$ cat model32.cif   # mmCIF, C-alpha atoms
data_upload
#
loop_
_atom_site.label_atom_id
_atom_site.label_comp_id
_atom_site.auth_asym_id
_atom_site.auth_seq_id
_atom_site.Cartn_x
_atom_site.Cartn_y
_atom_site.Cartn_z
CA MET J 10 26.56 -20.35 -13.01
CA ALA J 11 24.83 -23.69 -13.64
CA LYS J 12 24.02 -22.51 -17.16
CA LEU J 13 27.67 -21.69 -17.79
CA GLU J 14 28.77 -25.07 -16.40
CA LYS J 15 26.27 -26.84 -18.67
CA ALA J 16 27.55 -24.89 -21.67
CA VAL J 17 31.13 -25.87 -20.85
CA ALA J 18 30.08 -29.51 -20.39
CA ARG J 19 28.25 -29.50 -23.75
CA ARG J 20 31.33 -28.24 -25.57
CA TRP J 21 33.50 -30.91 -23.94
CA ALA J 22 30.89 -33.57 -24.71
CA ARG J 23 30.82 -32.61 -28.41
CA ALA J 24 34.61 -32.83 -28.55
CA VAL J 25 34.60 -36.24 -26.87
CA ILE J 26 31.84 -37.45 -29.21
CA GLY J 27 33.98 -36.43 -32.16
CA LEU J 28 36.86 -38.52 -30.84
CA ALA J 29 34.59 -41.46 -29.99
CA GLN J 30 32.97 -41.39 -33.45
CA GLU J 31 36.40 -41.51 -35.05
CA LYS J 32 37.13 -44.66 -33.07
CA ASP J 33 33.58 -45.96 -33.58
CA ALA J 34 33.20 -46.24 -29.81
CA LEU J 35 30.34 -43.91 -29.05
CA ASP J 36 28.49 -46.33 -26.79
CA LYS J 37 31.60 -47.58 -25.04
CA VAL J 38 32.92 -44.11 -24.24
CA GLY J 39 29.44 -43.10 -23.07
CA GLN J 40 29.31 -46.07 -20.71
CA ASP J 41 32.81 -45.25 -19.42
CA LEU J 42 31.82 -41.67 -18.72
CA ASP J 43 28.63 -42.80 -16.94
CA THR J 44 30.71 -45.16 -14.78
CA LEU J 45 33.21 -42.45 -13.88
CA ALA J 46 30.45 -39.96 -13.16
CA SER J 47 28.63 -42.41 -10.89
CA LEU J 48 31.91 -43.09 -9.08
CA MET J 49 32.42 -39.37 -8.49
CA ASP J 50 28.84 -38.88 -7.39
CA GLY J 51 28.90 -41.89 -5.08
CA HIS J 52 32.24 -41.37 -3.32
CA LYS J 53 32.70 -38.18 -1.38
CA GLU J 54 36.38 -38.85 -0.58
CA LEU J 55 37.15 -39.50 -4.22
CA ARG J 56 35.42 -36.31 -5.25
CA HIS J 57 37.42 -34.43 -2.63
CA ALA J 58 40.69 -35.96 -3.84
CA LEU J 59 39.89 -35.03 -7.44
CA LEU J 60 38.62 -31.55 -6.86
CA SER J 61 40.48 -30.22 -3.81
CA PRO J 62 43.15 -27.62 -4.63
CA SER J 63 45.16 -28.90 -1.64
CA PHE J 64 46.32 -31.75 -3.90
CA LYS J 65 48.84 -31.12 -6.63
CA PRO J 66 47.79 -31.75 -10.26
CA GLU J 67 50.23 -34.64 -10.45
CA GLN J 68 48.68 -36.25 -7.40
CA ARG J 69 45.22 -35.81 -8.84
CA ALA J 70 46.42 -37.25 -12.17
CA ASN J 71 47.77 -40.32 -10.35
CA VAL J 72 44.42 -40.80 -8.61
CA MET J 73 42.58 -40.45 -11.90
CA MET J 74 44.85 -42.97 -13.61
CA ALA J 75 44.50 -45.37 -10.67
CA ILE J 76 40.75 -45.18 -11.06
CA ALA J 77 41.03 -45.67 -14.82
CA ASP J 78 43.17 -48.75 -14.26
CA SER J 79 40.67 -50.15 -11.77
CA ILE J 80 37.86 -50.04 -14.35
CA PRO J 81 38.23 -53.04 -16.66
CA GLY J 82 38.15 -52.33 -20.40
CA LEU J 83 38.20 -48.54 -20.15
CA HIS J 84 38.47 -47.19 -23.68
CA ALA J 85 41.60 -45.34 -24.71
CA VAL J 86 39.52 -42.30 -25.68
CA THR J 87 38.10 -42.18 -22.17
CA ARG J 88 41.56 -42.39 -20.64
CA SER J 89 42.75 -39.53 -22.87
CA VAL J 90 39.70 -37.47 -21.93
CA ILE J 91 40.13 -37.85 -18.17
CA ARG J 92 43.82 -37.04 -18.45
CA LEU J 93 42.98 -33.92 -20.42
CA LEU J 94 40.25 -32.94 -17.99
CA ASN J 95 42.73 -33.23 -15.14
CA ASP J 96 45.39 -31.22 -16.98
CA LYS J 97 42.88 -28.47 -17.72
CA GLY J 98 41.41 -28.51 -14.22
CA ARG J 99 37.95 -29.49 -15.53
CA VAL J 100 37.45 -32.76 -13.65
CA ARG J 101 34.55 -31.26 -11.74
CA TYR J 102 32.60 -31.10 -15.04
CA LEU J 103 32.82 -34.86 -15.57
CA PRO J 104 29.26 -35.73 -14.37
CA LEU J 105 27.79 -32.94 -16.51
CA ILE J 106 29.92 -34.01 -19.49
CA ALA J 107 28.60 -37.56 -19.09
CA VAL J 108 25.01 -36.31 -19.19
CA ALA J 109 25.66 -34.01 -22.15
CA PHE J 110 27.52 -36.82 -23.96
CA ARG J 111 24.58 -39.19 -23.49
CA GLN J 112 22.08 -36.62 -24.75
CA GLU J 113 24.21 -35.69 -27.74
CA ALA J 114 25.01 -39.32 -28.59
CA ASP J 115 21.31 -40.23 -28.36
CA ARG J 116 20.49 -37.35 -30.66
CA LEU J 117 23.14 -38.42 -33.17
CA LEU J 118 22.05 -42.07 -33.10
CA GLY J 119 18.34 -41.26 -33.08
CA ARG J 120 17.86 -42.90 -29.70
CA VAL J 121 15.17 -42.07 -27.19
CA ARG J 122 15.59 -43.03 -23.57
CA ALA J 123 12.56 -44.45 -21.81
CA SER J 124 12.15 -44.99 -18.10
CA VAL J 125 9.82 -47.86 -17.23
CA GLU J 126 8.51 -48.24 -13.70
CA SER J 127 6.55 -51.27 -12.56
CA ALA J 128 4.97 -52.32 -9.27
CA VAL J 129 6.79 -55.64 -9.37
CA PRO J 130 9.92 -56.64 -11.33
CA LEU J 131 9.11 -57.26 -14.98
CA GLU J 132 9.69 -60.59 -16.66
CA LYS J 133 12.00 -60.64 -19.64
CA ALA J 134 9.16 -61.23 -22.05
CA GLU J 135 7.16 -58.41 -20.55
CA LEU J 136 10.10 -56.02 -20.79
CA GLU J 137 10.70 -57.00 -24.42
CA ALA J 138 7.05 -56.48 -25.23
CA ILE J 139 7.06 -53.09 -23.52
CA SER J 140 10.30 -52.06 -25.26
CA GLU J 141 8.88 -53.10 -28.60
CA ALA J 142 5.68 -51.18 -27.97
CA LEU J 143 7.66 -48.11 -26.91
CA LYS J 144 9.80 -48.35 -30.04
CA LYS J 145 6.66 -48.41 -32.11
CA GLN J 146 5.52 -45.24 -30.35
CA VAL J 147 8.89 -43.63 -31.01
CA LEU J 148 8.68 -44.45 -34.71
CA ASN J 149 5.06 -43.45 -34.99
CA ARG J 150 5.68 -40.14 -33.30
CA LYS J 151 8.95 -39.66 -35.21
CA LEU J 152 10.86 -39.11 -31.98
CA GLY J 153 13.85 -41.15 -33.19
CA LYS J 154 14.94 -44.50 -34.55
CA ASP J 155 15.44 -46.56 -31.43
CA VAL J 156 14.56 -46.66 -27.75
CA VAL J 157 16.78 -47.38 -24.76
CA VAL J 158 14.80 -48.64 -21.79
CA THR J 159 15.81 -48.38 -18.16
CA THR J 160 13.65 -50.11 -15.55
CA ALA J 161 12.81 -49.47 -11.94
CA VAL J 162 10.46 -51.00 -9.37
CA ASN J 163 8.00 -48.64 -7.71
CA ALA J 164 5.60 -50.33 -5.28
CA GLU J 165 3.55 -47.14 -5.04
CA LEU J 166 2.09 -47.97 -8.45
CA LEU J 167 0.22 -50.90 -6.77
CA SER J 168 0.16 -52.76 -10.06
CA GLY J 169 0.84 -52.16 -13.76
CA VAL J 170 3.46 -50.09 -15.56
CA ARG J 171 4.28 -46.44 -16.09
CA ALA J 172 6.70 -45.34 -18.81
CA SER J 173 8.07 -41.88 -19.51
CA MET J 174 9.88 -41.05 -22.71
CA GLY J 175 10.92 -37.75 -24.27
CA GLY J 176 8.43 -35.73 -22.30
CA LEU J 177 5.65 -38.28 -22.81
CA VAL J 178 4.15 -40.35 -19.98
CA PHE J 179 2.23 -43.59 -20.55
CA ASP J 180 0.62 -44.53 -17.28
CA GLY J 181 -1.03 -47.96 -17.05
CA SER J 182 -0.64 -48.34 -13.30
CA LEU J 183 -3.42 -49.23 -10.92
CA LYS J 184 -2.51 -46.13 -8.93
CA SER J 185 -3.40 -43.90 -11.85
CA HIS J 186 -6.66 -45.79 -12.39
CA LEU J 187 -7.57 -45.20 -8.76
CA ARG J 188 -6.57 -41.54 -9.05
CA ARG J 189 -8.86 -41.09 -12.04
CA ILE J 190 -11.71 -42.71 -10.12
CA GLY J 191 -11.00 -40.38 -7.19
CA GLN J 192 -11.09 -37.36 -9.49
CA GLN J 193 -14.45 -38.46 -10.87
CA LEU J 194 -15.76 -38.94 -7.34
CA SER J 195 -14.67 -35.50 -6.17
CA ALA J 196 -15.78 -33.74 -9.39
CA MET A 89 -23.30 94.57 23.16
CA ASN A 90 -26.86 95.86 23.51
CA LYS A 91 -27.56 93.09 25.93
CA THR A 92 -24.54 94.14 27.98
CA LEU A 93 -25.70 97.72 28.12
CA SER A 94 -29.19 96.77 29.10
CA ALA A 95 -27.74 94.66 31.88
CA VAL A 96 -25.74 97.66 33.16
CA GLY A 97 -28.86 99.83 33.02
CA SER A 98 -30.80 97.30 35.04
CA ALA A 99 -28.05 97.35 37.64
CA LEU A 100 -28.30 101.13 37.93
CA LEU A 101 -32.09 100.95 38.42
CA LEU A 102 -31.65 98.36 41.14
CA LEU A 103 -29.10 100.59 42.82
CA THR A 104 -31.38 103.64 42.75
CA SER A 105 -34.35 101.66 44.04
CA SER A 106 -32.27 100.27 46.90
CA VAL A 107 -31.35 103.88 47.82
CA ALA A 108 -35.04 104.80 47.73
CA LEU A 109 -35.89 101.91 50.02
CA ALA A 110 -33.13 102.92 52.38
CA GLU A 111 -34.56 106.39 52.54
CA GLY A 112 -38.11 105.19 53.31
CA GLY A 113 -37.35 102.19 55.56
CA GLY A 114 -36.27 103.86 58.84
CA THR A 115 -38.84 104.71 61.48
CA HIS A 116 -36.70 106.31 64.21
CA HIS A 117 -34.28 108.12 61.91
CA ALA A 118 -35.30 110.96 59.60
CA PRO A 119 -34.70 110.25 55.94
CA HIS A 120 -31.33 111.46 55.18
CA VAL A 121 -29.69 111.16 51.74
CA GLU A 122 -26.49 112.88 50.89
CA TRP A 123 -26.06 113.24 47.19
CA PHE A 124 -22.76 115.06 46.85
CA LYS A 125 -21.75 115.88 50.44
CA TRP A 126 -19.34 113.67 52.33
CA SER A 127 -20.74 112.68 55.75
CA MET A 128 -20.09 109.99 58.37
CA ASP A 129 -23.83 109.24 58.53
CA ALA A 130 -24.62 108.76 54.87
CA PRO A 131 -22.55 108.06 51.77
CA PRO A 132 -22.65 110.62 48.93
CA VAL A 133 -24.93 108.71 46.56
CA GLY A 134 -24.57 111.24 43.80
CA TRP A 135 -20.85 110.78 43.65
CA LEU A 136 -21.23 107.09 43.70
CA ILE A 137 -23.53 107.30 40.67
CA VAL A 138 -21.17 109.66 38.92
CA ASP A 139 -18.29 107.40 39.79
CA PHE A 140 -20.12 104.42 38.44
CA ALA A 141 -21.18 106.36 35.30
CA VAL A 142 -17.55 107.32 34.69
CA PHE A 143 -16.49 103.74 35.29
CA PHE A 144 -19.21 102.51 32.97
CA PHE A 145 -18.23 105.08 30.32
CA LEU A 146 -14.56 104.02 30.53
CA LEU A 147 -15.53 100.44 30.42
CA VAL A 148 -17.68 100.96 27.35
CA ARG A 149 -15.20 103.33 25.69
CA PHE A 150 -12.04 101.24 26.10
CA GLY A 151 -13.21 97.72 26.87
CA GLY A 152 -16.34 97.57 24.77
CA GLY A 153 -14.70 96.28 21.54
CA PRO A 154 -12.69 93.39 22.92
CA LEU A 155 -15.41 92.49 25.37
CA SER A 156 -17.95 92.57 22.60
CA ALA A 157 -15.71 90.48 20.36
CA TYR A 158 -15.04 88.05 23.20
CA LEU A 159 -18.71 87.74 23.99
CA LEU A 160 -19.52 87.36 20.29
CA ASN A 161 -16.91 84.66 19.94
CA ARG A 162 -18.16 83.03 23.08
CA HIS A 163 -21.69 83.23 21.73
CA THR A 164 -20.59 81.70 18.40
CA ALA A 165 -18.57 78.99 20.14
CA VAL A 166 -21.42 78.08 22.44
CA LYS A 167 -23.83 78.12 19.51
CA LYS A 168 -21.47 75.93 17.53
CA ALA A 169 -21.02 73.60 20.48
CA ILE A 170 -24.76 73.35 20.85
CA GLU A 171 -25.13 72.59 17.14
CA GLU A 172 -22.37 69.99 17.32
CA ALA A 173 -23.96 68.47 20.36
CA GLN A 174 -27.27 68.35 18.52
CA ALA A 175 -25.59 66.78 15.50
CA ALA A 176 -23.83 64.27 17.74
CA LYS A 177 -27.09 63.53 19.46
CA ALA A 178 -28.78 63.03 16.09
CA ASP A 179 -25.91 60.87 14.94
CA ALA A 180 -26.04 58.85 18.16
CA GLU A 181 -29.78 58.45 17.78
CA LYS A 182 -29.26 57.36 14.19
CA LYS A 183 -26.64 54.85 15.25
CA ALA A 184 -28.87 53.66 18.05
CA ARG A 185 -31.62 53.09 15.52
CA GLU A 186 -29.21 51.27 13.24
CA PHE A 187 -27.96 49.09 16.08
CA GLU A 188 -31.51 48.39 17.09
CA ALA A 189 -32.29 47.39 13.52
CA ARG A 190 -29.20 45.22 13.42
CA VAL A 191 -30.12 43.59 16.71
CA ASN A 192 -33.56 42.90 15.32
CA ALA A 193 -31.96 41.57 12.12
CA LEU A 194 -29.57 39.53 14.24
CA ASP A 195 -32.46 37.78 15.86
CA VAL A 196 -33.80 36.96 12.42
CA GLU A 197 -30.38 35.81 11.29
CA VAL A 198 -29.94 33.67 14.40
CA THR A 199 -33.28 32.08 13.74
CA LYS A 200 -32.34 31.54 10.10
CA ILE A 201 -28.98 29.99 11.01
CA ARG A 202 -30.64 27.78 13.60
CA ASP A 203 -33.15 26.62 11.00
CA GLU A 204 -30.38 25.96 8.48
CA PHE A 205 -28.40 24.01 11.07
CA LYS A 206 -31.47 22.03 11.91
CA LYS A 207 -32.12 21.27 8.25
CA SER A 208 -28.47 20.39 7.69
CA GLY A 209 -28.46 18.13 10.75
CA GLU A 210 -31.61 16.39 9.59
CA ALA A 211 -30.16 15.92 6.11
CA LEU A 212 -26.95 14.53 7.61
CA ARG A 213 -28.94 12.23 9.85
CA ASP A 214 -30.94 11.01 6.84
CA ARG A 215 -27.76 10.47 4.84
CA ILE A 216 -26.14 8.52 7.69
CA LEU A 217 -29.25 6.43 8.12
CA GLU A 218 -29.41 5.75 4.38
CA SER A 219 -25.71 4.93 4.25
CA GLY A 220 -26.09 2.62 7.23
CA ARG A 221 -29.07 0.93 5.60
CA ARG A 222 -27.17 0.41 2.35
CA MET A 223 -24.10 -0.84 4.20
CA GLY A 224 -26.27 -3.22 6.17
CA GLU A 225 -27.82 -4.53 2.94
CA ARG A 226 -24.41 -4.92 1.38
CA ILE A 227 -23.03 -6.73 4.42
CA ALA A 228 -26.05 -9.00 4.43
CA ALA A 229 -25.59 -9.70 0.70
CA ASP A 230 -21.87 -10.32 1.21
CA ALA A 231 -22.64 -12.61 4.11
CA LYS A 232 -25.08 -14.54 1.94
CA THR A 233 -22.50 -14.86 -0.81
CA THR A 234 -19.83 -15.87 1.69
CA ILE A 235 -22.14 -18.42 3.27
CA ALA A 236 -23.01 -19.83 -0.14
CA ALA A 237 -19.33 -19.97 -1.11
CA GLU A 238 -18.43 -21.59 2.19
CA GLU A 239 -21.22 -24.09 1.73
CA THR A 240 -19.96 -24.94 -1.73
CA ARG A 241 -16.42 -25.13 -0.48
CA ALA A 242 -17.38 -27.31 2.46
CA HIS A 243 -19.35 -29.52 0.08
CA GLU A 244 -16.37 -29.79 -2.23
CA LEU A 245 -14.05 -30.49 0.68
CA LEU A 246 -16.40 -33.16 1.93
CA LYS A 247 -16.55 -34.71 -1.52
CA GLN A 248 -12.79 -34.60 -1.84
CA GLU A 249 -12.31 -36.02 1.63
CA ALA A 250 -14.84 -38.75 0.93
CA ALA A 251 -13.06 -39.53 -2.35
CA ARG A 252 -9.70 -39.55 -0.59
CA LEU A 253 -10.95 -41.90 2.08
CA ALA A 254 -12.58 -44.12 -0.53
CA LEU A 255 -9.30 -44.18 -2.45
CA GLN A 256 -7.36 -45.00 0.70
CA LEU A 257 -9.69 -47.89 1.44
CA ALA A 258 -9.58 -49.04 -2.17
CA GLU A 259 -5.79 -48.83 -2.24
CA LYS A 260 -5.56 -50.82 0.98
CA ALA A 261 -7.91 -53.43 -0.39
CA VAL A 262 -6.01 -53.58 -3.67
CA ARG A 263 -2.68 -53.98 -1.89
CA GLU A 264 -4.09 -56.90 0.03
CA LYS A 265 -5.81 -58.59 -2.85
CA VAL A 266 -3.80 -57.82 -5.97
CA GLY A 267 -1.67 -60.78 -7.06
CA ALA A 268 0.66 -61.95 -9.79
CA PRO A 269 -2.16 -62.63 -12.29
CA ASP A 270 -3.42 -59.09 -11.80
CA HIS A 271 0.05 -57.63 -12.38
CA LYS A 272 0.42 -59.71 -15.50
CA ARG A 273 -2.98 -58.70 -16.81
CA LEU A 274 -2.33 -55.00 -16.20
CA ASN A 275 1.10 -55.22 -17.87
CA GLU A 276 -0.50 -56.88 -20.89
CA ASP A 277 -3.18 -54.21 -20.98
CA PHE A 278 -0.45 -51.56 -20.92
CA VAL A 279 1.38 -53.15 -23.84
CA ARG A 280 -1.87 -53.52 -25.74
CA GLU A 281 -2.70 -49.85 -25.24
CA LEU A 282 0.79 -48.80 -26.29
CA ARG A 283 0.52 -50.83 -29.49
CA SER A 284 -2.89 -49.52 -30.40
#
$ encode --input "model32.cif" --output "structure tokens"
Amino acid sequence: MAKLEKAVARRWARAVIGLAQEKDALDKVGQDLDTLASLMDGHKELRHALLSPSFKPEQRANVMMAIADSIPGLHAVTRSVIRLLNDKGRVRYLPLIAVAFRQEADRLLGRVRASVESAVPLEKAELEAISEALKKQVLNRKLGKDVVVTTAVNAELLSGVRASMGGLVFDGSLKSHLRRIGQQLSA
Amino acid sequence: MNKTLSAVGSALLLLTSSVALAEGGGTHHAPHVEWFKWSMDAPPVGWLIVDFAVFFFLLVRFGGGPLSAYLLNRHTAVKKAIEEAQAAKADAEKKAREFEARVNALDVEVTKIRDEFKKSGEALRDRILESGRRMGERIAADAKTTIAAEETRAHELLKQEAARLALQLAEKAVREKVGAPDHKRLNEDFVRELRS
């Protein structure tokens, strides 16, 4: 079932990417979809209002449009897409479409997403240096053309940074150093 | 038949001798034998003999054949019965000998079976003892292996536990002592490693 849902979401995502490319708004539409998906994931009542068959399609469409109006600068392509999703009864696929859109857009633009965790918040210069170093890795390994970095603070690392990117993990945290020492001790 | 006739003759002799004794036995009475005269004092012995001779003649003339055949048959049957009895006796004796031989053989067989059972029991006992000995050796070997494995495992567990405790202590110490310069240095090291 999940496989089928993912397949449906991929097909929708490709269609939306086509529209967004025509309008040269790939990033903007992607951001809009991420915002809508996070809204649906974060608000149970909203999800119920959008997905429950007890509401008429018109009522659901009004809710969707109210949400679209509440988000400043929502792209016209995004508005068309959510209206179409509502008409076709495919609103529940929106979070999956957002994910598939991001993956497909990244693939088209040659972007690799990197997740950087640090024990303490990184300074701007540090983040730039890390992003630059990750981009170099991406180019060297021919993973893509660019890197998009998202950051998070993880105190469990004790100190240092851990980055994961396209199935690769670069772990420079103190936690991993200690773990290696522990493995040597118990070997 | 001849035997029958000789028996009849003997009877006549006995009869005549008894008459002679009767004539000579009395002391007070004079010997008085009436051969053919009927008297109240003495029976007519002559007529009695004649009567008996006639009876004997009739008996031999008319009853001799069947009587002879009957006696012959009787003789044959008795002879046959005797022979059969002898054969049965011989057969019984033969069977008795056979049974005796079998009884004697049975004793031998019983002894043989007893010996075989004894041998079989001893062999079984030896097999059980051998099997028990081997099983004991195997259990002992398994126990040794298990003990060695448990020792190794316990050693490994101790090492792992010691390492875990050491790591816990180290982590605690690091948390307390690590500061901004350390974070910065580690971040720089990370970037340097990524670039290299």
$ resolve_selection --input "model32.cif" --expression "the PyMOL selection byres ((chain J) within 6 of (chain A))" --output "VMD selection string"
chain J and resid 139 142 168 to 169 181 191 194 to 195
$ resolve_selection --input "model32.cif" --expression "the PyMOL selection byres ((chain J and resi 115-122) around 8)" --output "compact mmCIF listing (two decimals) with C-alpha atoms, keeping the file's coordinate frame"
# COMPACT_ATOMS: atom_id res chain seq x y z
CA ARG J 111 24.58 -39.19 -23.49
CA GLN J 112 22.08 -36.62 -24.75
CA GLU J 113 24.21 -35.69 -27.74
CA ALA J 114 25.01 -39.32 -28.59
CA ALA J 123 12.56 -44.45 -21.81
CA SER J 124 12.15 -44.99 -18.10
CA VAL J 147 8.89 -43.63 -31.01
CA LEU J 152 10.86 -39.11 -31.98
CA GLY J 153 13.85 -41.15 -33.19
CA LYS J 154 14.94 -44.50 -34.55
CA ASP J 155 15.44 -46.56 -31.43
CA VAL J 156 14.56 -46.66 -27.75
CA VAL J 157 16.78 -47.38 -24.76
CA VAL J 158 14.80 -48.64 -21.79
CA THR J 159 15.81 -48.38 -18.16
CA MET J 174 9.88 -41.05 -22.71
CA GLY J 175 10.92 -37.75 -24.27
$ resolve_selection --input "model32.cif" --expression "the PyMOL selection byres ((chain J and resi 40-53) around 8)" --output "VMD selection string"
chain J and resid 36 to 39 54 to 57 83 to 84 87 103 to 104 106 to 108
$ write_last_selection --input "model32.cif" --atoms "C-alpha atoms" --output "short mmCIF file (atom, residue, chain, number, x, y, z; two decimals), in the frame of the given file"
data_model
loop_
_atom_site.label_atom_id
_atom_site.label_comp_id
_atom_site.auth_asym_id
_atom_site.auth_seq_id
_atom_site.Cartn_x
_atom_site.Cartn_y
_atom_site.Cartn_z
CA ASP J 36 28.49 -46.33 -26.79
CA LYS J 37 31.60 -47.58 -25.04
CA VAL J 38 32.92 -44.11 -24.24
CA GLY J 39 29.44 -43.10 -23.07
CA GLU J 54 36.38 -38.85 -0.58
CA LEU J 55 37.15 -39.50 -4.22
CA ARG J 56 35.42 -36.31 -5.25
CA HIS J 57 37.42 -34.43 -2.63
CA LEU J 83 38.20 -48.54 -20.15
CA HIS J 84 38.47 -47.19 -23.68
CA THR J 87 38.10 -42.18 -22.17
CA LEU J 103 32.82 -34.86 -15.57
CA PRO J 104 29.26 -35.73 -14.37
CA ILE J 106 29.92 -34.01 -19.49
CA ALA J 107 28.60 -37.56 -19.09
CA VAL J 108 25.01 -36.31 -19.19
#
$ atom_distance --input "model32.cif" --atom1 "CA of Leu28 (chain J)" --atom2 "CA of Phe110 (chain J)"
11.7 Å
$ closest_residue --input "model32.cif" --among "A:Ile216, A:Ile235, A:Asn161, A:Phe124" --to "Asp139 (chain A)" --atoms "only C-alpha atoms"
A:Phe124
$ closest_residue --input "model32.cif" --among "J:Val100, J:Leu177, J:Ala11, J:Val86" --to "Ser61 (chain J)" --atoms "all atoms listed in the file"
J:Val100
$ closest_residue --input "model32.cif" --among "J:Gln146, J:Glu137, J:Ser127, J:Arg69" --to "Asp180 (chain J)" --atoms "all atoms listed in the file"
J:Ser127
$ residues_around --input "model32.cif" --residues "region 12-18 of chain J" --least-positions-apart "6" --cutoff "7 Å" --atoms "only C-alpha atoms" --output "PyMOL selection string"
chain J and resi 102+105-106+109
$ atom_distance --input "model32.cif" --atom1 "CA of Gly98 (chain J)" --atom2 "CA of Ile76 (chain J)"
17.0 Å
$ axis_aligned_box --input "model32.cif" --around "region 44-57 of chain J" --padding-each-side "4 Å" --output "lines of an AutoDock Vina configuration file"
center_x = 33.0
center_y = -39.8
center_z = -7.7
size_x = 16.8
size_y = 18.7
size_z = 22.2
$ atom_distance --input "model32.cif" --atom1 "CA of Arg171 (chain J)" --atom2 "CA of Ala128 (chain J)"
9.0 Å
$ residues_near_point --input "model32.cif" --point "(7.5, -43.9, -5.5)" --cutoff "12 Å" --atoms "only C-alpha atoms" --output "PyMOL selection string"
chain J and resi 126-128+161-167+171+184
$ build_atoms --input "model32.cif" --residues "region 56-73 of chain J" --atoms "N, CA and C atoms" --output "PDB file, keeping the file's coordinate frame"
ATOM      1  N   ARG J  56      35.732 -37.638  -4.692  1.00  0.00           N
ATOM      2  CA  ARG J  56      35.420 -36.310  -5.250  1.00  0.00           C
ATOM      3  C   ARG J  56      36.334 -35.249  -4.627  1.00  0.00           C
ATOM      4  N   HIS J  57      36.543 -35.384  -3.324  1.00  0.00           N
ATOM      5  CA  HIS J  57      37.420 -34.430  -2.630  1.00  0.00           C
ATOM      6  C   HIS J  57      38.852 -34.520  -3.168  1.00  0.00           C
ATOM      7  N   ALA J  58      39.320 -35.755  -3.358  1.00  0.00           N
ATOM      8  CA  ALA J  58      40.690 -35.960  -3.840  1.00  0.00           C
ATOM      9  C   ALA J  58      40.866 -35.391  -5.247  1.00  0.00           C
ATOM     10  N   LEU J  59      39.794 -35.481  -6.047  1.00  0.00           N
ATOM     11  CA  LEU J  59      39.890 -35.030  -7.440  1.00  0.00           C
ATOM     12  C   LEU J  59      39.699 -33.526  -7.607  1.00  0.00           C
ATOM     13  N   LEU J  60      38.986 -32.960  -6.683  1.00  0.00           N
ATOM     14  CA  LEU J  60      38.620 -31.550  -6.860  1.00  0.00           C
ATOM     15  C   LEU J  60      39.349 -30.600  -5.917  1.00  0.00           C
ATOM     16  N   SER J  61      39.883 -31.115  -4.808  1.00  0.00           N
ATOM     17  CA  SER J  61      40.480 -30.220  -3.810  1.00  0.00           C
ATOM     18  C   SER J  61      41.770 -29.592  -4.335  1.00  0.00           C
ATOM     19  N   PRO J  62      41.902 -28.264  -4.197  1.00  0.00           N
ATOM     20  CA  PRO J  62      43.150 -27.620  -4.630  1.00  0.00           C
ATOM     21  C   PRO J  62      44.326 -27.922  -3.701  1.00  0.00           C
ATOM     22  N   SER J  63      44.048 -28.567  -2.565  1.00  0.00           N
ATOM     23  CA  SER J  63      45.160 -28.900  -1.640  1.00  0.00           C
ATOM     24  C   SER J  63      46.039 -30.007  -2.219  1.00  0.00           C
ATOM     25  N   PHE J  64      45.507 -30.737  -3.216  1.00  0.00           N
ATOM     26  CA  PHE J  64      46.320 -31.750  -3.900  1.00  0.00           C
ATOM     27  C   PHE J  64      46.933 -31.166  -5.167  1.00  0.00           C
ATOM     28  N   LYS J  65      48.164 -31.612  -5.432  1.00  0.00           N
ATOM     29  CA  LYS J  65      48.840 -31.120  -6.630  1.00  0.00           C
ATOM     30  C   LYS J  65      48.241 -31.786  -7.877  1.00  0.00           C
ATOM     31  N   PRO J  66      48.335 -31.153  -9.036  1.00  0.00           N
ATOM     32  CA  PRO J  66      47.790 -31.750 -10.260  1.00  0.00           C
ATOM     33  C   PRO J  66      48.365 -33.153 -10.543  1.00  0.00           C
ATOM     34  N   GLU J  67      49.627 -33.316 -10.218  1.00  0.00           N
ATOM     35  CA  GLU J  67      50.230 -34.640 -10.450  1.00  0.00           C
ATOM     36  C   GLU J  67      49.576 -35.701  -9.578  1.00  0.00           C
ATOM     37  N   GLN J  68      49.328 -35.306  -8.315  1.00  0.00           N
ATOM     38  CA  GLN J  68      48.680 -36.250  -7.400  1.00  0.00           C
ATOM     39  C   GLN J  68      47.277 -36.596  -7.893  1.00  0.00           C
ATOM     40  N   ARG J  69      46.585 -35.576  -8.340  1.00  0.00           N
ATOM     41  CA  ARG J  69      45.220 -35.810  -8.840  1.00  0.00           C
ATOM     42  C   ARG J  69      45.269 -36.697 -10.093  1.00  0.00           C
ATOM     43  N   ALA J  70      46.279 -36.442 -10.949  1.00  0.00           N
ATOM     44  CA  ALA J  70      46.420 -37.250 -12.170  1.00  0.00           C
ATOM     45  C   ALA J  70      46.673 -38.718 -11.805  1.00  0.00           C
ATOM     46  N   ASN J  71      47.509 -38.938 -10.780  1.00  0.00           N
ATOM     47  CA  ASN J  71      47.770 -40.320 -10.350  1.00  0.00           C
ATOM     48  C   ASN J  71      46.506 -40.999  -9.869  1.00  0.00           C
ATOM     49  N   VAL J  72      45.700 -40.237  -9.114  1.00  0.00           N
ATOM     50  CA  VAL J  72      44.420 -40.800  -8.610  1.00  0.00           C
ATOM     51  C   VAL J  72      43.526 -41.159  -9.794  1.00  0.00           C
ATOM     52  N   MET J  73      43.444 -40.216 -10.732  1.00  0.00           N
ATOM     53  CA  MET J  73      42.580 -40.450 -11.900  1.00  0.00           C
ATOM     54  C   MET J  73      43.044 -41.706 -12.665  1.00  0.00           C
TER      55      MET J  73
END
